[in-house]
Amino acid sequence: MDQKLQGYIDRLNALHFKDMYENDFFLTWEKTDDEIEAVFVLADALRYMRENNISTKIFESGLGISIFRDNSTRTRFSFASACNMLGLAVQDLDEKKSQIAHGETVRETATMVSFMADVIGIRDDMYIGKGNAYMHQVVDSVTEANQAGVLEQKPTLVNLQCDIDHPTQALADALHIIHEFGGAENLKGKKIAMSWAYSPSYGKPLSVPQGIIGLLTRFGMDVVLAHPEGYEVMSDVVEVARKNAAESGGSFSITNDMKEAFKDADVVYPKSWAPYAAMEVRTDLYGKGDFDGIDKLEKELLAQNAEHQDWVVDDEMMRLTKNGLDTLYMHPLPADIQGVSCEHGEVTDKVFDHARESLYKEASNKPYIIAAMIFLAKVKNPQKTLQALWDRAVSRHFQ
Amino acid sequence: MDQKLQGYIDRLNALHFKDMYENDFFLTWEKTDDEIEAVFVLADALRYMRENNISTKIFESGLGISIFRDNSTRTRFSFASACNMLGLAVQDLDEKKSQIAHGETVRETATMVSFMADVIGIRDDMYIGKGNAYMHQVVDSVTEANQAGVLEQKPTLVNLQCDIDHPTQALADALHIIHEFGGAENLKGKKIAMSWAYSPSYGKPLSVPQGIIGLLTRFGMDVVLAHPEGYEVMSDVVEVARKNAAESGGSFSITNDMKEAFKDADVVYPKSWAPYAAMEVRTDLYGKGDFDGIDKLEKELLAQNAEHQDWVVDDEMMRLTKNGLDTLYMHPLPADIQGVSCEHGEVTDKVFDHARESLYKEASNKPYIIAAMIFLAKVKNPQKTLQALWDRAVSRHFQ
Amino acid sequence: MDQKLQGYIDRLNALHFKDMYENDFFLTWEKTDDEIEAVFVLADALRYMRENNISTKIFESGLGISIFRDNSTRTRFSFASACNMLGLAVQDLDEKKSQIAHGETVRETATMVSFMADVIGIRDDMYIGKGNAYMHQVVDSVTEANQAGVLEQKPTLVNLQCDIDHPTQALADALHIIHEFGGAENLKGKKIAMSWAYSPSYGKPLSVPQGIIGLLTRFGMDVVLAHPEGYEVMSDVVEVARKNAAESGGSFSITNDMKEAFKDADVVYPKSWAPYAAMEVRTDLYGKGDFDGIDKLEKELLAQNAEHQDWVVDDEMMRLTKNGLDTLYMHPLPADIQGVSCEHGEVTDKVFDHARESLYKEASNKPYIIAAMIFLAKVKNPQKTLQALWDRAVSRHFQ
């Protein structure tokens with residue numbers, strides 16, 4: 001009996017998360033607090049097993065399907081890593097190499113690729129009102145196909161970023177904060193500034209700030225969303241954040257003043273995003289095929305961005321926070337670093353370099369978060385299976 | 001001793017299929033009736049094992065090479081699934097990322113990618129006289145390289161669609177009919193209409209109708225090939241169909257009247273294809289690099305197609321068949337569905353929706369058919385190995 | 001106790017190669033003679049185990065990352081094969097599908113893709129002064145991330161061709177010569193002509209001739225580098241070759257006369273490459289974004305090449321060698337074969353055809369060379385692990 005493993009199992013035993021089995025992961029606020037905590041515990045447990053060279057392969061064969069409708073490096077590799085550590089082979093659905101343009105429906109494609117799929121991971125974050133809806137279509141399709149006996153198993157969906165939420169990112173971020181503060185119980189009363197920051201590019205997804213305010217308000221934190229006027233996020237998610245804060249005993253507020261947000265903050269999360277309203281317009285233009293309109297909108301948005309070049313995280317800004325440069329600085333990466341990847345951008349290279357190691361650790365949680373989501377959806381009794389994997393004692397790396 | 005598994009083994013014991021070992025799969029009519037039946041039995045046995053959570057991995061490592069010279073979703077995923085369930089990692093030969101343009105020969109490429117390959121799956125269906133010939137070149141090359149000691153193993157070829165036949169599709173289709181009718185012995189005297197149908201696109205491969213008439217004529221069925229004048233298929237395959245029908249006690253006929261074909265049919269398989277003669281012209285134009293000529297041909301063919309917009313499967317057409325809407329409607333997918341993927345197309349959405357579940361089950365056979373082909377080519381005594389896998393009792397999904 | 005396996009283990013026991021553990025493979029001349037020999041012995045041992053159907057999987061899970069900044073067929077498949085036979089899943093970092101253009105640094109990308117990576121294989125051979133430097137940046141990054149606790153393991157780098165060396169090619173080539181001559185000890189005093197040859201294309205990497213003269217001078221061979229005036233290779237590598245030759249008791253010389261090089265040669269390795277000086281100019285032009293300049297340079301280089309169309313390996317040229325057509329003719333492939341892939345090129349089809357089987361065997365070493373490099377970097381006691389794999393006796397192909 002390994003003491004540390006037993007600790008993870010004990011924590012899981014205290015939680016109710018039965019409904020995650022054979023289920024999917026769309027948005028963090030559709031999950032209960034216990035379910036969210038189960039993801040954290042399992043992510044840490046799987047990491048612990050890997051560090052101890054214990055194989056966590058629960059699949060002898062099976063596919064993990066990935067559908068990336070937007071570019072990705074770290075999420076793509078995190079998904080590949082998670083599938084691999086559980087025993088699944090990744091098969092990417094490259095829509096350009098497929099016959100999808102032939103006019104087949106989402107229902108059909110989803111079913112056709114899933115005959116031996118245990119997981120489907122999707123990134124679809126480009127157009128408002130589309131990405132999450134697409135994921136639901138996929139899940140409805142494979143659920144129906146499973147019930148009809150067409151699919152022997154129902155693959156579980158992992159939302160790898162939609163127009164509303166970016167749950168694998170937000171959970172990896174939250175787990176990093178939990179690690180840094182020594183436990184979720186220590187987050188109560190801590191202030192986090194989820195702030196817009198200037199970027200010379202445009203149209204970055206809203207799902208990161210939305211994911212953060214939708215998740216971190218559940219831990220009794222004082223969550224401040226800061227952005228210039230005109231850079232509002234989805235109002236539905238703001239409602240979620242308000243409701244969460246009220247229930248968790250924390251607070252949620254919005255300001256148009258970056259400095260106010262940074263004042264005495266324990267954690268800062270400065271990152272560029274596009275205005276929600278503009279993204280809605282863009283989605284409409286796209287729907288109409290009005291590419292001149294899209295070009296014009298892009299120019300307007302870049303000009304609008306340029307008015308807020310002072311929304312940059314530098315030494316001076318960090319001095320406002322609780323611990324100056326040592327205050328936890330977070331980012332989903334890649335960041336627009338001044339003097340490195342752009343002339344003016346989200347953060348100075350000094351602030352970024354100081355935080356680099358922490359940022360990379362933040363990112364290192366993502367493969368385990370994804371693996372935990374899959375594990376919880378695909379394993380009936382995770383505690384028992386963790387123990388069985390430990391007892392099976394197959395080495396990940398045989399020497 | 002599992003009774004159902006024993007049933008599959010008993011059936012295999014009654015068949016002669018030794019020549020499939022270390023062999024390849026080009027065309028169904030190059031295989032004996034016993035060999036074809038062995039594929040069906042093995043496909044069902046492998047599915048049964050997977051449904052019972054028994055790992056069917058016969059390879060601890062090894063590659064399955066895929067070469068897709070045309071777009072593909074379901075065949076690509078079927079091949080990936082089949083390889084995965086047998087333990088092979090898929091490695092795609094993307095001719096654009098390779099140095100093939102550098103002028104290396106087919107013989108060289110085939111050998112260079114095969115040092116650890118157990119399977120090569122190829123789709124090459126675009127040009128008449130090319131695809132099947134290319135597959136033979138590949139097989140000749142790796143056979144020679146194996147004999148010369150350059151390759152430790154000879155990878156087996158799986159034809160994933162050529163200009164002549166689409167064996168994995170035709171066999172998956174046939175197995176679906178067998179399941180629906182409760183056994184191959186029940187196909188005798190059943191009527192199947194393999195019919196052309198209108199499509200607003202052009203140049204769809206002939207290998208599906210050719211594969212169907214070349215295979216289903218072996219089961220004593222009354223096979224009717226229907227198409228407008230000018231949409232003839234390859235005459236060699238027509239000869240195969242005639243010969244098969246004569247030997248199996250069924251019949252084979254050709255008509256230019258869709259209604260006549262549908263009359264009292266037990267199974268209908270309506271699908272668009274390009275005229276063989278036009279595809280020959282296109283191949284010549286392509287060989288000469290005459291792209292203006294190809295454009296011109298395309299326009300002519302679309303105009304020719306448009307003259308046959310009445311070749312559509314709707315309620316009225318289905319009423320002519322043996323069981324109306326409940327008559328088995330088949331398609332390799334994706335279909336051109338009227339009102340869904342096009343204004344006028346192969347089938348109305350009502351007929352398609354009624355058949356959807358059956359169509360998806362039809363498609364679900366393909367991964368198992370491919371796995372069975374590989375198994376028969378790579379395992380010396382399939383019956384013994386099936387039993388050994390069952391006795392090994394490794395879980396596919398460990399819980 | 002298997003006698004042949006014991007032979008490999010005995011040979012390894014006599015060598016000092018401890019420093020390869022947890023290390024990387026950049027250039028052959030950075031490795032000791034013992035380390036180079038250890039790669040050869042292990043490559044042969046791994047091949048022997050595969051031929052005897054013994055699984056060599058040392059990884060139950062884990063990723064092998066590939067980064068190809070230039071097209072590749074055989075190296076891509078060799079890397080995939082090597083990873084697969086050791087149990088790693090290949091995940092390709094396709095820079096076009098990633099967010100790398102977003103401005104992230106090499107350090108960041110290298111870390112982000114490596115959370116579960118045991119190996120990183122890189123081809124980056126296009127620009128002088130860039131490829132090897134990039135590989136060092138990658139290794140420095142993941143080493144630092146491993147030391148900081150960001151990465152649980154440090155992936156080992158395999159140089160799949162840089163601007164300086166092509167070690168997996170050179171080692172595969174050397175192993176072929178060793179096999180052909182019955183042992184490395186028989187190479188002393190043998191003459192090898194590493195010669196430029198005419199090609200109608202331009203800009204072929206220098207890393208092959210550089211790799212060959214940098215490696216084969218270590219075996220006491222008489223290495224002659226032949227090329228037209230103006231086709232000099234990197235002077236640093238020439239220095240390496242001179243030093244090696246002096247130490248090994250062989251010789252190294254340069255000539256501008258192909259015939260002189262071929263005279264009485266035991267081995268010939270004729271292959272086109274671009275002049276080093278021109279490649280430096282090209283790299284500068286590329287740095288400045290001067291694409292007109294690059295086009296102009298290309299034309300000049302092709303014209304320069306065309307002046308040396310007599311540098312072709314034909315019957316007459318082979319007659320000058322020690323054993324005429326039977327003299328060992330080597331090439332990394334694909335070759336520019338006269339009358340096959342071009343009108344005038346490196347070699348006549350007669351000479352090539354005569355050597356084909358040998359050339360393919362030469363290429364067949366590469367997967368094993370790569371696997372050996374990984375094994376030596378990732379296994380603490382390779383002798384013990386070889387024995388353990390043999391005793392574990394898991395079949396690669398279960399029947």
# chains A, B, ... in the order shown; residues from 1 in each chain; ligands from 1
>>> residues_around(residues="Phe59 in chain A", least_positions_apart="6", cutoff="6 Å", atoms="only C-alpha atoms", output="JSON, numbers by chain")
{"A": [87], "B": [396, 397]}
>>> interface_residues(of="chain C", to="chain B", cutoff="10 Å", atoms="only C-alpha atoms", output="ChimeraX atom specification")
/C:47,50-51,53-57,68,70-78,80-90,201,333-337,340-342,356-368,394-399
>>> select_by_dssp(residues="range 41-262 of chain C", states="strand (DSSP E)", output="PyMOL selection string")
chain C and resi 63-68+89-92+117-123+156-159+191-196+222-226+251-255
>>> write_last_selection(atoms="N, CA and C atoms", output="mmCIF file, in the first residue's frame")
data_model
loop_
_atom_site.group_PDB
_atom_site.id
_atom_site.type_symbol
_atom_site.label_atom_id
_atom_site.label_comp_id
_atom_site.auth_asym_id
_atom_site.auth_seq_id
_atom_site.Cartn_x
_atom_site.Cartn_y
_atom_site.Cartn_z
ATOM 1 N N LEU C 63 6.269 9.537 -26.133
ATOM 2 C CA LEU C 63 6.219 10.088 -27.483
ATOM 3 C C LEU C 63 7.618 10.252 -28.075
ATOM 4 N N GLY C 64 7.706 10.060 -29.357
ATOM 5 C CA GLY C 64 8.877 10.445 -30.136
ATOM 6 C C GLY C 64 8.452 11.603 -31.022
ATOM 7 N N ILE C 65 9.003 12.789 -30.749
ATOM 8 C CA ILE C 65 8.615 13.986 -31.509
ATOM 9 C C ILE C 65 9.476 14.083 -32.756
ATOM 10 N N SER C 66 8.857 14.327 -33.893
ATOM 11 C CA SER C 66 9.657 14.571 -35.093
ATOM 12 C C SER C 66 9.412 15.986 -35.592
ATOM 13 N N ILE C 67 10.492 16.631 -35.996
ATOM 14 C CA ILE C 67 10.415 17.981 -36.561
ATOM 15 C C ILE C 67 11.170 17.936 -37.881
ATOM 16 N N PHE C 68 10.427 17.986 -38.972
ATOM 17 C CA PHE C 68 11.047 17.944 -40.292
ATOM 18 C C PHE C 68 10.919 19.309 -40.940
ATOM 19 N N ALA C 89 5.178 6.402 -29.533
ATOM 20 C CA ALA C 89 4.285 6.883 -30.582
ATOM 21 C C ALA C 89 4.883 8.147 -31.177
ATOM 22 N N VAL C 90 4.917 8.205 -32.496
ATOM 23 C CA VAL C 90 5.474 9.394 -33.149
ATOM 24 C C VAL C 90 4.428 10.496 -33.197
ATOM 25 N N GLN C 91 4.832 11.685 -32.800
ATOM 26 C CA GLN C 91 3.957 12.846 -32.932
ATOM 27 C C GLN C 91 4.749 13.895 -33.702
ATOM 28 N N ASP C 92 4.270 14.207 -34.882
ATOM 29 C CA ASP C 92 4.998 15.139 -35.729
ATOM 30 C C ASP C 92 4.637 16.577 -35.361
ATOM 31 N N ALA C 117 7.659 13.422 -23.869
ATOM 32 C CA ALA C 117 8.530 13.018 -24.978
ATOM 33 C C ALA C 117 9.811 12.387 -24.449
ATOM 34 N N ASP C 118 10.157 11.247 -25.002
ATOM 35 C CA ASP C 118 11.430 10.602 -24.674
ATOM 36 C C ASP C 118 12.482 10.865 -25.741
ATOM 37 N N VAL C 119 12.035 11.271 -26.907
ATOM 38 C CA VAL C 119 12.950 11.489 -28.026
ATOM 39 C C VAL C 119 12.467 12.672 -28.846
ATOM 40 N N ILE C 120 13.403 13.447 -29.365
ATOM 41 C CA ILE C 120 13.084 14.455 -30.375
ATOM 42 C C ILE C 120 14.023 14.227 -31.551
ATOM 43 N N GLY C 121 13.454 13.998 -32.710
ATOM 44 C CA GLY C 121 14.257 13.841 -33.923
ATOM 45 C C GLY C 121 14.053 15.058 -34.808
ATOM 46 N N ILE C 122 15.146 15.661 -35.266
ATOM 47 C CA ILE C 122 15.042 16.902 -36.052
ATOM 48 C C ILE C 122 15.825 16.795 -37.350
ATOM 49 N N ARG C 123 15.180 17.177 -38.442
ATOM 50 C CA ARG C 123 15.881 17.440 -39.704
ATOM 51 C C ARG C 123 15.799 18.939 -39.980
ATOM 52 N N THR C 156 15.826 12.772 -25.519
ATOM 53 C CA THR C 156 17.141 12.761 -26.166
ATOM 54 C C THR C 156 16.994 13.237 -27.606
ATOM 55 N N LEU C 157 17.961 14.014 -28.060
ATOM 56 C CA LEU C 157 17.907 14.495 -29.436
ATOM 57 C C LEU C 157 18.578 13.515 -30.389
ATOM 58 N N VAL C 158 17.906 13.247 -31.497
ATOM 59 C CA VAL C 158 18.535 12.528 -32.600
ATOM 60 C C VAL C 158 18.602 13.484 -33.779
ATOM 61 N N ASN C 159 19.804 13.803 -34.196
ATOM 62 C CA ASN C 159 20.020 14.667 -35.355
ATOM 63 C C ASN C 159 19.682 13.880 -36.618
ATOM 64 N N LYS C 191 40.313 1.937 -49.697
ATOM 65 C CA LYS C 191 40.147 3.273 -50.272
ATOM 66 C C LYS C 191 38.673 3.568 -50.560
ATOM 67 N N ILE C 192 38.189 4.702 -50.097
ATOM 68 C CA ILE C 192 36.830 5.135 -50.422
ATOM 69 C C ILE C 192 36.867 6.488 -51.097
ATOM 70 N N ALA C 193 36.117 6.588 -52.213
ATOM 71 C CA ALA C 193 36.010 7.854 -52.938
ATOM 72 C C ALA C 193 34.661 8.495 -52.623
ATOM 73 N N MET C 194 34.701 9.562 -51.833
ATOM 74 C CA MET C 194 33.481 10.352 -51.597
ATOM 75 C C MET C 194 33.507 11.453 -52.637
ATOM 76 N N SER C 195 32.683 11.260 -53.674
ATOM 77 C CA SER C 195 32.828 12.142 -54.826
ATOM 78 C C SER C 195 31.563 12.927 -55.130
ATOM 79 N N TRP C 196 31.745 14.154 -55.558
ATOM 80 C CA TRP C 196 30.657 14.925 -56.115
ATOM 81 C C TRP C 196 30.209 14.258 -57.412
ATOM 82 N N ASP C 222 41.589 4.979 -46.498
ATOM 83 C CA ASP C 222 42.113 6.061 -47.328
ATOM 84 C C ASP C 222 40.914 6.770 -47.956
ATOM 85 N N VAL C 223 40.591 7.915 -47.384
ATOM 86 C CA VAL C 223 39.391 8.630 -47.804
ATOM 87 C C VAL C 223 39.788 9.739 -48.763
ATOM 88 N N VAL C 224 39.223 9.680 -49.953
ATOM 89 C CA VAL C 224 39.483 10.725 -50.945
ATOM 90 C C VAL C 224 38.188 11.487 -51.207
ATOM 91 N N LEU C 225 38.234 12.790 -51.006
ATOM 92 C CA LEU C 225 37.092 13.650 -51.324
ATOM 93 C C LEU C 225 37.356 14.268 -52.689
ATOM 94 N N ALA C 226 36.427 14.055 -53.603
ATOM 95 C CA ALA C 226 36.620 14.561 -54.968
ATOM 96 C C ALA C 226 35.469 15.477 -55.345
ATOM 97 N N SER C 251 44.301 7.873 -44.309
ATOM 98 C CA SER C 251 44.696 9.111 -44.977
ATOM 99 C C SER C 251 43.446 9.848 -45.430
ATOM 100 N N PHE C 252 43.626 11.141 -45.658
ATOM 101 C CA PHE C 252 42.538 11.945 -46.204
ATOM 102 C C PHE C 252 43.111 12.902 -47.228
ATOM 103 N N SER C 253 42.544 12.913 -48.408
ATOM 104 C CA SER C 253 43.029 13.841 -49.430
ATOM 105 C C SER C 253 41.846 14.376 -50.230
ATOM 106 N N ILE C 254 42.112 15.490 -50.905
ATOM 107 C CA ILE C 254 41.083 16.126 -51.724
ATOM 108 C C ILE C 254 41.621 16.247 -53.137
ATOM 109 N N THR C 255 40.766 15.961 -54.105
ATOM 110 C CA THR C 255 41.180 16.092 -55.496
ATOM 111 C C THR C 255 40.049 16.725 -56.295
#
>>> atom_distance(atom1="CA of Gln338 in chain C", atom2="CA of Lys204 in chain C")
17.5 Å
>>> residues_around(residues="Ala241 in chain A", least_positions_apart="2", cutoff="12 Å", atoms="only C-alpha atoms", output="VMD selection string")
chain A and resid 28 to 29 209 to 225 233 to 239 243 to 254
>>> write_last_selection(atoms="N, CA and C atoms", output="tab-separated table (two decimals), in the first residue's frame")
chain	number	residue	atom	x	y	z
A	28	THR	N	-16.83	23.90	-17.76
A	28	THR	CA	-16.57	23.59	-16.34
A	28	THR	C	-17.81	23.85	-15.48
A	29	TRP	N	-18.60	24.88	-15.82
A	29	TRP	CA	-19.74	25.20	-14.94
A	29	TRP	C	-20.93	24.26	-15.12
A	209	PRO	N	-10.37	34.05	-21.10
A	209	PRO	CA	-10.90	34.84	-19.97
A	209	PRO	C	-12.24	34.30	-19.48
A	210	GLN	N	-13.07	33.83	-20.37
A	210	GLN	CA	-14.36	33.29	-19.96
A	210	GLN	C	-14.18	32.05	-19.10
A	211	GLY	N	-13.27	31.19	-19.55
A	211	GLY	CA	-12.99	29.97	-18.78
A	211	GLY	C	-12.49	30.29	-17.39
A	212	ILE	N	-11.62	31.31	-17.30
A	212	ILE	CA	-11.02	31.65	-16.00
A	212	ILE	C	-12.07	32.24	-15.05
A	213	ILE	N	-12.86	33.20	-15.52
A	213	ILE	CA	-13.86	33.78	-14.59
A	213	ILE	C	-14.96	32.78	-14.27
A	214	GLY	N	-15.21	31.87	-15.19
A	214	GLY	CA	-16.24	30.85	-14.95
A	214	GLY	C	-15.78	29.78	-13.98
A	215	LEU	N	-14.49	29.61	-13.86
A	215	LEU	CA	-13.99	28.54	-12.98
A	215	LEU	C	-13.47	29.09	-11.64
A	216	LEU	N	-12.66	30.14	-11.69
A	216	LEU	CA	-11.96	30.55	-10.45
A	216	LEU	C	-12.90	31.21	-9.44
A	217	THR	N	-14.04	31.69	-9.92
A	217	THR	CA	-15.05	32.23	-8.98
A	217	THR	C	-15.63	31.16	-8.06
A	218	ARG	N	-15.32	29.89	-8.35
A	218	ARG	CA	-15.87	28.79	-7.52
A	218	ARG	C	-15.06	28.52	-6.27
A	219	PHE	N	-13.92	29.19	-6.13
A	219	PHE	CA	-13.02	28.83	-5.04
A	219	PHE	C	-12.96	29.90	-3.95
A	220	GLY	N	-13.98	30.78	-3.93
A	220	GLY	CA	-13.98	31.83	-2.91
A	220	GLY	C	-12.95	32.92	-3.16
A	221	MET	N	-12.46	33.00	-4.39
A	221	MET	CA	-11.47	34.03	-4.71
A	221	MET	C	-12.17	35.36	-5.03
A	222	ASP	N	-11.41	36.43	-4.93
A	222	ASP	CA	-11.89	37.72	-5.41
A	222	ASP	C	-11.41	37.87	-6.85
A	223	VAL	N	-12.31	37.64	-7.76
A	223	VAL	CA	-11.96	37.63	-9.18
A	223	VAL	C	-12.32	38.97	-9.81
A	224	VAL	N	-11.33	39.64	-10.36
A	224	VAL	CA	-11.58	40.92	-11.03
A	224	VAL	C	-11.30	40.74	-12.52
A	225	LEU	N	-12.30	41.04	-13.33
A	225	LEU	CA	-12.12	41.03	-14.78
A	225	LEU	C	-11.86	42.46	-15.22
A	233	VAL	N	-16.81	40.52	-22.45
A	233	VAL	CA	-16.92	39.09	-22.79
A	233	VAL	C	-18.41	38.72	-22.81
A	234	MET	N	-18.67	37.46	-23.11
A	234	MET	CA	-20.05	36.95	-23.22
A	234	MET	C	-20.84	37.19	-21.93
A	235	SER	N	-22.01	37.76	-22.06
A	235	SER	CA	-22.75	38.12	-20.84
A	235	SER	C	-23.21	36.88	-20.06
A	236	ASP	N	-23.49	35.80	-20.76
A	236	ASP	CA	-23.89	34.56	-20.07
A	236	ASP	C	-22.81	34.09	-19.10
A	237	VAL	N	-21.56	34.22	-19.51
A	237	VAL	CA	-20.47	33.75	-18.66
A	237	VAL	C	-20.28	34.69	-17.49
A	238	VAL	N	-20.51	35.98	-17.72
A	238	VAL	CA	-20.45	36.94	-16.62
A	238	VAL	C	-21.49	36.55	-15.56
A	239	GLU	N	-22.64	36.15	-16.02
A	239	GLU	CA	-23.69	35.70	-15.08
A	239	GLU	C	-23.23	34.47	-14.28
A	243	LYS	N	-22.80	34.32	-10.20
A	243	LYS	CA	-23.50	33.29	-9.43
A	243	LYS	C	-22.49	32.44	-8.64
A	244	ASN	N	-21.43	32.03	-9.30
A	244	ASN	CA	-20.38	31.25	-8.63
A	244	ASN	C	-19.83	31.99	-7.42
A	245	ALA	N	-19.51	33.26	-7.63
A	245	ALA	CA	-18.89	34.06	-6.56
A	245	ALA	C	-19.83	34.14	-5.36
A	246	ALA	N	-21.09	34.36	-5.64
A	246	ALA	CA	-22.08	34.45	-4.55
A	246	ALA	C	-22.13	33.13	-3.78
A	247	GLU	N	-22.08	32.05	-4.49
A	247	GLU	CA	-22.19	30.73	-3.83
A	247	GLU	C	-20.93	30.33	-3.08
A	248	SER	N	-19.78	30.76	-3.60
A	248	SER	CA	-18.52	30.30	-3.00
A	248	SER	C	-18.02	31.24	-1.91
A	249	GLY	N	-18.72	32.37	-1.73
A	249	GLY	CA	-18.26	33.32	-0.72
A	249	GLY	C	-17.13	34.19	-1.20
A	250	GLY	N	-16.88	34.22	-2.51
A	250	GLY	CA	-15.87	35.10	-3.06
A	250	GLY	C	-16.55	36.32	-3.66
A	251	SER	N	-15.87	36.95	-4.61
A	251	SER	CA	-16.49	38.10	-5.26
A	251	SER	C	-16.09	38.11	-6.74
A	252	PHE	N	-16.90	38.81	-7.50
A	252	PHE	CA	-16.60	38.99	-8.92
A	252	PHE	C	-16.91	40.42	-9.31
A	253	SER	N	-15.96	41.09	-9.91
A	253	SER	CA	-16.22	42.46	-10.35
A	253	SER	C	-15.53	42.71	-11.68
A	254	ILE	N	-16.01	43.76	-12.35
A	254	ILE	CA	-15.46	44.12	-13.65
A	254	ILE	C	-14.99	45.57	-13.57
>>> atom_distance(atom1="CA of Val267 in chain C", atom2="CA of Leu328 in chain C")
4.7 Å
>>> atom_distance(atom1="CA of Ala174 in chain A", atom2="CA of Asp2 in chain A")
26.6 Å
>>> residues_around(residues="Cys162 in chain C", least_positions_apart="6", cutoff="7 Å", atoms="only C-alpha atoms", output="list of chain:residue names")
C:Arg123, C:Asp124, C:Asp125, C:Gly131, C:Asn132, C:Ser207
>>> residues_around(residues="range 13-23 of chain A", least_positions_apart="5", cutoff="10 Å", atoms="only C-alpha atoms", output="VMD selection string")
chain A and resid 7 to 8 31 to 39 139 143 153 to 158 373 to 383
>>> select_by_dssp(residues="range 70-193 of chain A", states="helix (DSSP H, G or I)", output="number ranges by chain")
A: 74-86, 100-102, 106-112, 131-147, 167-181, 184-187
>>> residues_around(residues="range 281-283 of chain A", least_positions_apart="2", cutoff="7 Å", atoms="only C-alpha atoms", output="compact mmCIF listing (two decimals) with N, CA and C atoms, in the first residue's frame")
# COMPACT_ATOMS: atom_id res chain seq x y z
N TYR A 127 -15.62 30.87 -34.17
CA TYR A 127 -16.84 31.62 -34.45
C TYR A 127 -17.85 31.49 -33.32
N ILE A 128 -18.35 32.65 -32.92
CA ILE A 128 -19.30 32.72 -31.81
C ILE A 128 -20.56 31.91 -32.13
N ALA A 277 -18.61 41.47 -29.05
CA ALA A 277 -19.55 42.03 -30.03
C ALA A 277 -18.93 41.97 -31.43
N ALA A 278 -17.62 42.29 -31.51
CA ALA A 278 -16.94 42.26 -32.80
C ALA A 278 -16.87 40.84 -33.35
N MET A 279 -16.67 39.88 -32.44
CA MET A 279 -16.60 38.48 -32.88
C MET A 279 -17.95 38.00 -33.39
N LEU A 285 -20.46 38.01 -40.73
CA LEU A 285 -19.80 38.29 -42.01
C LEU A 285 -19.32 37.00 -42.65
N TYR A 286 -18.75 36.15 -41.82
CA TYR A 286 -18.25 34.88 -42.30
C TYR A 286 -19.39 34.04 -42.87
N GLY A 287 -20.49 34.04 -42.14
CA GLY A 287 -21.67 33.29 -42.59
C GLY A 287 -22.15 33.76 -43.95
N ILE A 294 -14.86 41.32 -43.55
CA ILE A 294 -13.98 40.76 -42.52
C ILE A 294 -12.65 41.52 -42.49
>>> closest_residue(among="C:Glu232, C:Asp295, C:Asp266, C:Asp10", to="Lys322 in chain C", atoms="only C-alpha atoms")
C:Asp266
